[in-house]
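*Asks:* Coordinates in query-v6.cif, mmCIF, N, CA and C atoms, are listed below.
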data_input
loop_
_atom_site.label_atom_id
_atom_site.label_comp_id
_atom_site.auth_asym_id
_atom_site.auth_seq_id
_atom_site.Cartn_x
_atom_site.Cartn_y
_atom_site.Cartn_z
N MET A 887 0.84 -1.18 0.00
CA MET A 887 0.00 0.00 0.00
C MET A 887 0.89 1.25 0.00
N THR A 888 0.52 2.22 -0.78
CA THR A 888 1.33 3.44 -0.86
C THR A 888 0.87 4.47 0.16
N ILE A 889 1.72 5.42 0.41
CA ILE A 889 1.39 6.49 1.36
C ILE A 889 0.24 7.35 0.83
N TYR A 890 0.13 7.45 -0.50
CA TYR A 890 -0.96 8.22 -1.09
C TYR A 890 -2.32 7.60 -0.74
N ASN A 891 -2.42 6.27 -0.86
CA ASN A 891 -3.68 5.58 -0.57
C ASN A 891 -4.08 5.75 0.88
N ILE A 892 -3.13 5.61 1.79
CA ILE A 892 -3.43 5.73 3.21
C ILE A 892 -3.85 7.16 3.54
N LEU A 893 -3.13 8.14 3.02
CA LEU A 893 -3.48 9.53 3.29
C LEU A 893 -4.86 9.87 2.74
N LYS A 894 -5.19 9.37 1.57
CA LYS A 894 -6.49 9.65 0.99
C LYS A 894 -7.61 8.99 1.80
N GLN A 895 -7.31 7.86 2.46
CA GLN A 895 -8.29 7.22 3.35
C GLN A 895 -8.51 8.08 4.59
N ASP A 896 -7.43 8.62 5.13
CA ASP A 896 -7.49 9.30 6.42
C ASP A 896 -7.91 10.76 6.34
N ILE A 897 -7.54 11.43 5.26
CA ILE A 897 -7.88 12.85 5.13
C ILE A 897 -9.28 12.95 4.51
N LYS A 898 -10.16 13.64 5.23
CA LYS A 898 -11.56 13.71 4.79
C LYS A 898 -11.74 14.52 3.52
N VAL A 899 -11.20 15.74 3.48
CA VAL A 899 -11.36 16.61 2.31
C VAL A 899 -9.98 17.00 1.82
N LEU A 900 -9.63 16.53 0.63
CA LEU A 900 -8.34 16.86 0.04
C LEU A 900 -8.58 17.38 -1.36
N ASN A 901 -8.41 18.68 -1.52
CA ASN A 901 -8.75 19.32 -2.79
C ASN A 901 -7.59 19.41 -3.77
N ARG A 902 -6.39 19.15 -3.30
CA ARG A 902 -5.20 19.28 -4.15
C ARG A 902 -4.49 17.94 -4.26
N ASP A 903 -3.53 17.89 -5.19
CA ASP A 903 -2.68 16.70 -5.32
C ASP A 903 -1.63 16.72 -4.23
N LEU A 904 -1.16 15.53 -3.87
CA LEU A 904 -0.14 15.42 -2.83
C LEU A 904 1.25 15.55 -3.41
N LYS A 905 2.20 15.94 -2.56
CA LYS A 905 3.60 16.05 -2.96
C LYS A 905 4.18 14.66 -3.17
N SER A 906 5.48 14.60 -3.48
CA SER A 906 6.13 13.30 -3.67
C SER A 906 6.21 12.55 -2.35
N GLU A 907 6.39 11.25 -2.46
CA GLU A 907 6.40 10.39 -1.27
C GLU A 907 7.50 10.79 -0.29
N ASP A 908 8.69 11.10 -0.79
CA ASP A 908 9.80 11.49 0.09
C ASP A 908 9.49 12.78 0.84
N GLU A 909 8.90 13.74 0.14
CA GLU A 909 8.54 15.01 0.78
C GLU A 909 7.47 14.80 1.85
N ILE A 910 6.50 13.96 1.55
CA ILE A 910 5.43 13.67 2.51
C ILE A 910 6.00 13.04 3.78
N ILE A 911 6.90 12.09 3.62
CA ILE A 911 7.49 11.42 4.78
C ILE A 911 8.28 12.42 5.62
N GLU A 912 9.02 13.31 4.99
CA GLU A 912 9.78 14.33 5.73
C GLU A 912 8.85 15.27 6.50
N ILE A 913 7.75 15.66 5.87
CA ILE A 913 6.79 16.55 6.53
C ILE A 913 6.15 15.84 7.72
N LEU A 914 5.74 14.58 7.52
CA LEU A 914 5.13 13.83 8.62
C LEU A 914 6.12 13.62 9.76
N LYS A 915 7.38 13.36 9.43
CA LYS A 915 8.40 13.18 10.46
C LYS A 915 8.55 14.45 11.29
N LYS A 916 8.41 15.59 10.63
CA LYS A 916 8.57 16.88 11.32
C LYS A 916 7.33 17.24 12.14
N ARG A 917 6.15 16.93 11.64
CA ARG A 917 4.90 17.40 12.26
C ARG A 917 4.27 16.44 13.26
N LEU A 918 4.57 15.15 13.18
CA LEU A 918 4.00 14.18 14.10
C LEU A 918 5.00 13.84 15.20
N THR A 919 4.47 13.34 16.34
CA THR A 919 5.38 12.88 17.38
C THR A 919 6.04 11.60 16.92
N LYS A 920 7.06 11.16 17.64
CA LYS A 920 7.78 9.94 17.25
C LYS A 920 6.85 8.73 17.21
N LYS A 921 6.00 8.59 18.23
CA LYS A 921 5.08 7.45 18.26
C LYS A 921 4.03 7.53 17.17
N GLU A 922 3.52 8.72 16.91
CA GLU A 922 2.53 8.89 15.85
C GLU A 922 3.15 8.57 14.49
N PHE A 923 4.37 9.04 14.27
CA PHE A 923 5.06 8.77 13.00
C PHE A 923 5.33 7.28 12.86
N LYS A 924 5.80 6.67 13.94
CA LYS A 924 6.09 5.23 13.91
C LYS A 924 4.81 4.44 13.65
N TYR A 925 3.71 4.84 14.27
CA TYR A 925 2.41 4.20 14.04
C TYR A 925 2.03 4.30 12.56
N TYR A 926 2.19 5.50 11.98
CA TYR A 926 1.78 5.70 10.59
C TYR A 926 2.65 4.90 9.63
N MET A 927 3.93 4.82 9.90
CA MET A 927 4.82 4.04 9.03
C MET A 927 4.52 2.54 9.14
N MET A 928 4.21 2.07 10.34
CA MET A 928 3.84 0.66 10.49
C MET A 928 2.51 0.39 9.79
N ARG A 929 1.61 1.34 9.85
CA ARG A 929 0.33 1.19 9.16
C ARG A 929 0.54 1.13 7.65
N LEU A 930 1.50 1.89 7.17
CA LEU A 930 1.86 1.88 5.76
C LEU A 930 2.34 0.48 5.34
N GLU A 931 3.05 -0.18 6.25
CA GLU A 931 3.58 -1.52 5.97
C GLU A 931 2.59 -2.63 6.32
N SER A 932 1.36 -2.27 6.69
CA SER A 932 0.29 -3.22 7.02
C SER A 932 0.66 -4.15 8.17
N VAL A 933 1.23 -3.59 9.22
CA VAL A 933 1.59 -4.36 10.41
C VAL A 933 0.32 -4.58 11.23
N GLU A 934 0.21 -5.76 11.86
CA GLU A 934 -0.96 -6.08 12.67
C GLU A 934 -1.03 -5.18 13.90
N LYS A 935 -2.25 -4.96 14.38
CA LYS A 935 -2.48 -4.05 15.50
C LYS A 935 -1.73 -4.48 16.76
N GLU A 936 -1.73 -5.78 17.06
CA GLU A 936 -1.06 -6.27 18.27
C GLU A 936 0.43 -6.00 18.22
N LEU A 937 1.03 -6.21 17.05
CA LEU A 937 2.46 -5.95 16.89
C LEU A 937 2.76 -4.45 16.99
N MET A 938 1.86 -3.63 16.43
CA MET A 938 2.03 -2.18 16.55
C MET A 938 2.00 -1.76 18.01
N MET A 939 1.06 -2.32 18.77
CA MET A 939 0.94 -1.98 20.18
C MET A 939 2.21 -2.37 20.94
N LYS A 940 2.77 -3.51 20.60
CA LYS A 940 4.00 -3.97 21.26
C LYS A 940 5.16 -3.05 20.91
N GLU A 941 5.29 -2.68 19.63
CA GLU A 941 6.38 -1.80 19.19
C GLU A 941 6.27 -0.41 19.81
N LEU A 942 5.04 0.08 19.95
CA LEU A 942 4.83 1.41 20.52
C LEU A 942 4.79 1.39 22.04
N LYS A 943 4.86 0.19 22.61
CA LYS A 943 4.79 0.01 24.06
C LYS A 943 3.55 0.71 24.61
N ALA A 944 2.40 0.41 24.01
CA ALA A 944 1.15 1.05 24.38
C ALA A 944 0.07 0.01 24.64
N ASP A 945 -0.79 0.31 25.63
CA ASP A 945 -1.94 -0.54 25.85
C ASP A 945 -3.04 -0.13 24.87
N THR A 946 -4.19 -0.77 24.95
CA THR A 946 -5.26 -0.51 23.99
C THR A 946 -5.72 0.94 24.03
N GLN A 947 -5.89 1.49 25.24
CA GLN A 947 -6.35 2.88 25.37
C GLN A 947 -5.34 3.86 24.76
N ARG A 948 -4.08 3.69 25.08
CA ARG A 948 -3.04 4.58 24.55
C ARG A 948 -2.92 4.44 23.03
N PHE A 949 -3.04 3.22 22.53
CA PHE A 949 -2.97 2.99 21.09
C PHE A 949 -4.11 3.71 20.38
N ASP A 950 -5.32 3.63 20.93
CA ASP A 950 -6.47 4.33 20.35
C ASP A 950 -6.25 5.84 20.35
N ASP A 951 -5.65 6.35 21.44
CA ASP A 951 -5.36 7.79 21.52
C ASP A 951 -4.35 8.20 20.45
N ILE A 952 -3.31 7.41 20.25
CA ILE A 952 -2.30 7.70 19.22
C ILE A 952 -2.96 7.72 17.84
N GLU A 953 -3.81 6.73 17.60
CA GLU A 953 -4.50 6.62 16.32
C GLU A 953 -5.40 7.84 16.08
N LYS A 954 -6.19 8.23 17.07
CA LYS A 954 -7.10 9.37 16.93
C LYS A 954 -6.36 10.68 16.73
N THR A 955 -5.31 10.92 17.52
CA THR A 955 -4.59 12.19 17.39
C THR A 955 -3.86 12.27 16.06
N THR A 956 -3.36 11.15 15.56
CA THR A 956 -2.68 11.15 14.26
C THR A 956 -3.67 11.54 13.15
N ILE A 957 -4.84 10.93 13.15
CA ILE A 957 -5.85 11.24 12.14
C ILE A 957 -6.31 12.70 12.28
N LYS A 958 -6.46 13.15 13.51
CA LYS A 958 -6.87 14.54 13.75
C LYS A 958 -5.83 15.52 13.21
N LYS A 959 -4.55 15.23 13.44
CA LYS A 959 -3.49 16.10 12.94
C LYS A 959 -3.45 16.10 11.41
N LEU A 960 -3.67 14.94 10.81
CA LEU A 960 -3.65 14.86 9.34
C LEU A 960 -4.78 15.66 8.71
N ASN A 961 -5.88 15.82 9.43
CA ASN A 961 -7.01 16.56 8.90
C ASN A 961 -6.95 18.05 9.21
N ALA A 962 -5.91 18.49 9.90
CA ALA A 962 -5.74 19.91 10.16
C ALA A 962 -5.40 20.62 8.84
N GLU A 963 -6.04 21.75 8.62
CA GLU A 963 -5.86 22.48 7.36
C GLU A 963 -4.41 22.85 7.10
N LYS A 964 -3.70 23.24 8.14
CA LYS A 964 -2.30 23.65 7.97
C LYS A 964 -1.45 22.49 7.45
N LEU A 965 -1.64 21.31 8.01
CA LEU A 965 -0.87 20.14 7.57
C LEU A 965 -1.30 19.68 6.17
N LYS A 966 -2.60 19.71 5.90
CA LYS A 966 -3.09 19.34 4.57
C LYS A 966 -2.49 20.26 3.52
N HIS A 967 -2.42 21.54 3.82
CA HIS A 967 -1.85 22.52 2.90
C HIS A 967 -0.36 22.24 2.68
N GLU A 968 0.33 21.85 3.74
CA GLU A 968 1.76 21.57 3.64
C GLU A 968 2.03 20.29 2.84
N LEU A 969 1.13 19.31 2.94
CA LEU A 969 1.29 18.04 2.22
C LEU A 969 0.94 18.13 0.74
N SER A 970 0.16 19.12 0.37
CA SER A 970 -0.30 19.22 -1.01
C SER A 970 0.59 20.14 -1.84
N THR A 971 0.50 19.95 -3.14
CA THR A 971 1.29 20.76 -4.07
C THR A 971 0.60 22.11 -4.26
N LYS A 972 1.37 23.09 -4.65
CA LYS A 972 0.79 24.40 -4.94
C LYS A 972 0.07 24.35 -6.28
N ILE A 973 -0.98 25.11 -6.38
CA ILE A 973 -1.78 25.11 -7.63
C ILE A 973 -1.10 25.95 -8.67
#
Please rewrite the model in this file as structure tokens.

*Replies:*
Amino acid sequence: MTIYNILKQDIKVLNRDLKSEDEIIEILKKRLTKKEFKYYMMRLESVEKELMMKELKADTQRFDDIEKTTIKKLNAEKLKHELSTKI
């Protein structure tokens, strides 16, 4: 699965095209916390939830919080604008 597919699933309204994969990864690395970034990269690689929880050293509640805040940050207008190409 590509980063484009995952981002398009998670971002509710995306009016522009996304930047290159390398640029997107650099932006996410800068804007997300280490655990959120690690969660997103493992999700990109289709890692099972239990293994993700073990790698992140998180229980179910903390894992759900990481997941929700990551999606919330991705839907922020400022980050969406940064991830997309200029018109």

*Asks:* Of the candidates A:Ile897, A:Leu960, A:Ile892, A:Leu914, which shows the shortest atom-to-atom distance to A:Arg929, using only N, CA and C atoms?

*Replies:* A:Ile892

*Asks:* Could you state the separation of atom CA of A:Leu904 and atom C of A:Tyr890 in Å, given to one decimal place?

*Replies:* 8.4 Å

*Asks:* Which parts of stretch 926-955 of chain A does DSSP call alpha helix (DSSP H) when run on the backbone here, written out as a list in words?

*Replies:*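 Filtering stretch 926-955 of chain A to alpha helix (DSSP H) leaves Tyr926, Met927, Met928, Arg929, Leu930, Lys935, Glu936, Leu937, Met938, Met939, Lys940, Glu941, Leu942, Thr946, Gln947, Arg948, Phe949, Asp950, Asp951, Ile952, Glu953, Lys954 and Thr955 of chain A.
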
*Asks:* How would you write, as a tab-separated table (two decimals) with N, CA and C atoms, keeping the file's coordinate frame, the residues chosen by the PyMOL selection byres ((chain A and resi 947-959) around 8) on this structure?

*Replies:*
chain	number	residue	atom	x	y	z
A	896	ASP	N	-7.43	8.62	5.13
A	896	ASP	CA	-7.49	9.30	6.42
A	896	ASP	C	-7.91	10.76	6.34
A	897	ILE	N	-7.54	11.43	5.26
A	897	ILE	CA	-7.88	12.85	5.13
A	897	ILE	C	-9.28	12.95	4.51
A	917	ARG	N	6.15	16.93	11.64
A	917	ARG	CA	4.90	17.40	12.26
A	917	ARG	C	4.27	16.44	13.26
A	918	LEU	N	4.57	15.15	13.18
A	918	LEU	CA	4.00	14.18	14.10
A	918	LEU	C	5.00	13.84	15.20
A	919	THR	N	4.47	13.34	16.34
A	919	THR	CA	5.38	12.88	17.38
A	919	THR	C	6.04	11.60	16.92
A	921	LYS	N	6.00	8.59	18.23
A	921	LYS	CA	5.08	7.45	18.26
A	921	LYS	C	4.03	7.53	17.17
A	922	GLU	N	3.52	8.72	16.91
A	922	GLU	CA	2.53	8.89	15.85
A	922	GLU	C	3.15	8.57	14.49
A	923	PHE	N	4.37	9.04	14.27
A	923	PHE	CA	5.06	8.77	13.00
A	923	PHE	C	5.33	7.28	12.86
A	925	TYR	N	3.71	4.84	14.27
A	925	TYR	CA	2.41	4.20	14.04
A	925	TYR	C	2.03	4.30	12.56
A	926	TYR	N	2.19	5.50	11.98
A	926	TYR	CA	1.78	5.70	10.59
A	926	TYR	C	2.65	4.90	9.63
A	938	MET	N	1.86	-3.63	16.43
A	938	MET	CA	2.03	-2.18	16.55
A	938	MET	C	2.00	-1.76	18.01
A	939	MET	N	1.06	-2.32	18.77
A	939	MET	CA	0.94	-1.98	20.18
A	939	MET	C	2.21	-2.37	20.94
A	942	LEU	N	5.04	0.08	19.95
A	942	LEU	CA	4.83	1.41	20.52
A	942	LEU	C	4.79	1.39	22.04
A	943	LYS	N	4.86	0.19	22.61
A	943	LYS	CA	4.79	0.01	24.06
A	943	LYS	C	3.55	0.71	24.61
A	944	ALA	N	2.40	0.41	24.01
A	944	ALA	CA	1.15	1.05	24.38
A	944	ALA	C	0.07	0.01	24.64
A	945	ASP	N	-0.79	0.31	25.63
A	945	ASP	CA	-1.94	-0.54	25.85
A	945	ASP	C	-3.04	-0.13	24.87
A	946	THR	N	-4.19	-0.77	24.95
A	946	THR	CA	-5.26	-0.51	23.99
A	946	THR	C	-5.72	0.94	24.03
A	960	LEU	N	-3.67	14.94	10.81
A	960	LEU	CA	-3.65	14.86	9.34
A	960	LEU	C	-4.78	15.66	8.71
A	961	ASN	N	-5.88	15.82	9.43
A	961	ASN	CA	-7.01	16.56	8.90
A	961	ASN	C	-6.95	18.05	9.21
A	962	ALA	N	-5.91	18.49	9.90
A	962	ALA	CA	-5.74	19.91	10.16
A	962	ALA	C	-5.40	20.62	8.84
A	963	GLU	N	-6.04	21.75	8.62
A	963	GLU	CA	-5.86	22.48	7.36
A	963	GLU	C	-4.41	22.85	7.10
A	964	LYS	N	-3.70	23.24	8.14
A	964	LYS	CA	-2.30	23.65	7.97
A	964	LYS	C	-1.45	22.49	7.45
A	965	LEU	N	-1.64	21.31	8.01
A	965	LEU	CA	-0.87	20.14	7.57
A	965	LEU	C	-1.30	19.68	6.17
A	966	LYS	N	-2.60	19.71	5.90
A	966	LYS	CA	-3.09	19.34	4.57
A	966	LYS	C	-2.49	20.26	3.52

*Asks:* Which residues are near A:Lys972? Cut-off 9 Å, only C-alpha atoms, ignore same chain within fewer than 2 positions. Put them as a list in words.

*Replies:* Arg902, Asp903, His967 and Ser970 of chain A

*Asks:* In Å, with one decimal, what is the gap from atom N of A:Ser932 to atom C of A:Asn901?

*Replies:*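 The value is 25.7 Å.
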
*Asks:* Can you work out the spacing between atom N of A:Gln895 and atom C of A:Glu941 in Å, to one decimal?

*Replies:*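 So the answer is 23.5 Å.
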
*Asks:* Env of A:Thr888: 8 Å cut, atoms = all atoms listed in the file, seq-sep filter 5 positions within chain, self excluded. Answer as number ranges by chain.

*Replies:* A: 893-894, 930-931

*Asks:* Evaluate the PyMOL selection byres ((chain A and resi 905) around 7) against this structure - the residues, as number ranges by chain, please.

*Replies:* A: 903-904, 906-910, 968-971
